[in-house]
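Q: Take this structure, written in structure tokens, and hold onto it; I'll ask about it next.
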Amino acid sequence: MIVKHLASVVGTAADVDTAGWTSRRLLYKQDGMGYSVNDTIIKPGAELEMQYRNHLETVYCIEGEGEITDLATGETHGIRPGTLYALNLHDHHVLRANRGVAMRMVCVFNPPLTGREVHDSTGAYALSE
Ligand code: 9YT
């Protein structure tokens with residue numbers, strides 16, 4: 001059994017900070033679950049264009065508010081605590097956090113992340129071995 005608390009990840013190598021988000025990586029590929037789990041803060045006012053070509057990602061909002069635009073259809077969906085989105089088609093999208101409030105999201109990746117992945121110029125994470 002693996003039991004850990006967010007506090008044991010904050011400030012370590014598994015706490016990855018970028019201009020738009022901070023990802024606290026709770027479970028990695030190395031944990032053997034077949035998926036990884038992050039507790040991620042999307043910074044207030046952040047606007048992130050992403051497309052995880054190599055991964056499927058499910059995101060569950062637990063704090064804050066914002067929206068996601070599906071760039072294939074132009075459709076925009078509001079996000080608030082309790083909203084889940086699953087990028088089942090490796091969807092090209094823009095994620096926005098409302099100004100003045102961070103969004104806190106639980107992010108699950110398949111295949112699992114292995115380390116300090118950050119987005120490449122296409123908005124994807126590289127696929128590791
Ligand atoms: C929701 C989202 O994709 N945010 C970007 C950060 C990423 N999910 C991560 O590694 O936690």
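Going by the structure tokens order, chains are called A, B, ..., each with residues numbered from 1, while ligands are numbered from 1 in the order shown.
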Show me a table, sorted first by chain and then by increasing residue number, of the residues of chain A having an atom at most 9 Å from ligand 1, each with its shortest atom pair and the distance in Å to one decimal, counting only C-alpha atoms and all ligand atoms and written as a Markdown table.
A:
| residue | atom | partner | partner_atom_place_in_ligand_line | distance |
| --- | --- | --- | --- | --- |
| A:Val16 | CA | ligand 1 | 10 (O) | 7.8 |
| A:Thr18 | CA | ligand 1 | 6 (C) | 8.9 |
| A:Gly20 | CA | ligand 1 | 5 (C) | 8.0 |
| A:Trp21 | CA | ligand 1 | 6 (C) | 6.1 |
| A:Thr22 | CA | ligand 1 | 11 (O) | 7.0 |
| A:Ser23 | CA | ligand 1 | 11 (O) | 4.3 |
| A:Arg24 | CA | ligand 1 | 11 (O) | 6.9 |
| A:Arg25 | CA | ligand 1 | 11 (O) | 7.1 |
| A:Val37 | CA | ligand 1 | 11 (O) | 8.0 |
| A:Asn38 | CA | ligand 1 | 11 (O) | 5.2 |
| A:Asp39 | CA | ligand 1 | 11 (O) | 6.6 |
| A:Thr40 | CA | ligand 1 | 11 (O) | 4.9 |
| A:Ile41 | CA | ligand 1 | 4 (N) | 7.8 |
| A:Ile42 | CA | ligand 1 | 4 (N) | 6.6 |
| A:Leu48 | CA | ligand 1 | 5 (C) | 7.7 |
| A:Met50 | CA | ligand 1 | 3 (O) | 7.2 |
| A:Gln51 | CA | ligand 1 | 3 (O) | 8.8 |
| A:Tyr52 | CA | ligand 1 | 3 (O) | 8.4 |
| A:Glu57 | CA | ligand 1 | 3 (O) | 7.4 |
| A:Thr58 | CA | ligand 1 | 1 (C) | 8.2 |
| A:Val59 | CA | ligand 1 | 1 (C) | 6.0 |
| A:Tyr60 | CA | ligand 1 | 1 (C) | 8.6 |
| A:Cys61 | CA | ligand 1 | 1 (C) | 9.0 |
| A:Leu95 | CA | ligand 1 | 1 (C) | 7.2 |
| A:Arg104 | CA | ligand 1 | 1 (C) | 8.9 |
| A:Met105 | CA | ligand 1 | 1 (C) | 6.5 |
| A:Val106 | CA | ligand 1 | 11 (O) | 7.8 |
| A:Cys107 | CA | ligand 1 | 8 (N) | 5.5 |
| A:Val108 | CA | ligand 1 | 8 (N) | 7.9 |
| A:Phe109 | CA | ligand 1 | 8 (N) | 8.2 |
| A:Leu113 | CA | ligand 1 | 10 (O) | 8.0 |
| A:Arg116 | CA | ligand 1 | 10 (O) | 8.2 |
| A:Glu117 | CA | ligand 1 | 10 (O) | 6.7 |
| A:Val118 | CA | ligand 1 | 10 (O) | 6.8 |
| A:His119 | CA | ligand 1 | 5 (C) | 8.1 |
| A:Tyr125 | CA | ligand 1 | 10 (O) | 8.5 |
Q: Could you name the residues that touch Thr69 (chain A) at 9 Å or less, counting only C-alpha atoms, but leaving out those on the same chain fewer than 3 positions away, as a PyMOL selection string?
A: chain A and resi 72-78+92-96
Q: As a short mmCIF file (atom, residue, chain, number, x, y, z; two decimals) with C-alpha atoms, in the first residue's frame, which residues of region 4-112 of chain A does DSSP assign to strand (DSSP E)?
A:
data_model
loop_
_atom_site.label_atom_id
_atom_site.label_comp_id
_atom_site.auth_asym_id
_atom_site.auth_seq_id
_atom_site.Cartn_x
_atom_site.Cartn_y
_atom_site.Cartn_z
CA ASP A 15 6.76 19.74 -7.12
CA VAL A 16 7.04 21.22 -10.63
CA ASP A 17 6.45 24.96 -10.99
CA TRP A 21 0.81 26.03 -13.15
CA THR A 22 2.34 24.15 -10.28
CA SER A 23 2.05 20.37 -10.40
CA ARG A 24 2.51 18.34 -7.24
CA ARG A 25 3.13 14.80 -8.45
CA LEU A 26 1.72 12.31 -6.00
CA LEU A 27 1.95 9.09 -8.01
CA SER A 36 -0.07 8.95 -12.42
CA VAL A 37 -1.86 11.47 -10.18
CA ASN A 38 -1.05 15.16 -9.72
CA ASP A 39 -2.54 17.80 -7.45
CA THR A 40 -2.16 20.79 -9.76
CA ILE A 41 -2.67 24.51 -9.21
CA ILE A 42 -3.59 26.53 -12.32
CA GLU A 47 -4.40 30.64 -20.20
CA LEU A 48 -2.80 27.37 -21.29
CA GLU A 49 -2.97 25.89 -24.78
CA MET A 50 -2.23 22.18 -24.58
CA LEU A 56 -4.78 10.62 -22.05
CA GLU A 57 -5.57 13.00 -19.19
CA THR A 58 -8.55 13.25 -16.86
CA VAL A 59 -8.87 16.42 -14.77
CA TYR A 60 -11.16 16.95 -11.78
CA CYS A 61 -11.60 20.46 -10.38
CA ILE A 62 -11.68 20.70 -6.59
CA GLU A 63 -11.17 24.48 -6.11
CA GLY A 66 -12.35 28.76 -15.07
CA GLU A 67 -13.17 27.30 -18.46
CA ILE A 68 -11.93 24.97 -21.15
CA THR A 69 -12.24 25.50 -24.90
CA ASP A 70 -12.15 22.55 -27.28
CA THR A 76 -16.23 26.39 -24.25
CA HIS A 77 -17.25 24.70 -20.99
CA GLY A 78 -17.24 26.32 -17.56
CA ILE A 79 -15.19 24.65 -14.83
CA LEU A 84 -14.40 16.68 -14.59
CA TYR A 85 -13.04 16.69 -18.12
CA ALA A 86 -11.42 13.76 -19.86
CA HIS A 93 -7.61 22.71 -25.88
CA VAL A 94 -7.18 25.96 -23.99
CA LEU A 95 -7.59 25.92 -20.22
CA ARG A 96 -8.22 29.22 -18.44
CA ALA A 97 -8.35 30.00 -14.74
CA MET A 103 -7.95 26.47 -9.86
CA ARG A 104 -6.92 23.30 -8.09
CA MET A 105 -7.19 20.16 -10.19
CA VAL A 106 -6.57 16.47 -9.68
CA CYS A 107 -4.91 15.26 -12.91
CA VAL A 108 -4.60 11.60 -13.88
CA PHE A 109 -2.36 10.60 -16.79
CA ASN A 110 -2.27 7.40 -18.80
#
Q: Output as a ChimeraX atom specification all residues of chain A that backbone DSSP marks as helix (DSSP H, G or I).
A: /A:6-8,29-31
Q: So what do you get for CA of Ser121 (chain A) versus CA of Arg53 (chain A), distance-wise?
A: 12.1 Å
Q: What's the separation between CA of Asp120 (chain A) and CA of Thr83 (chain A), in Å to one decimal place?
A: 26.4 Å
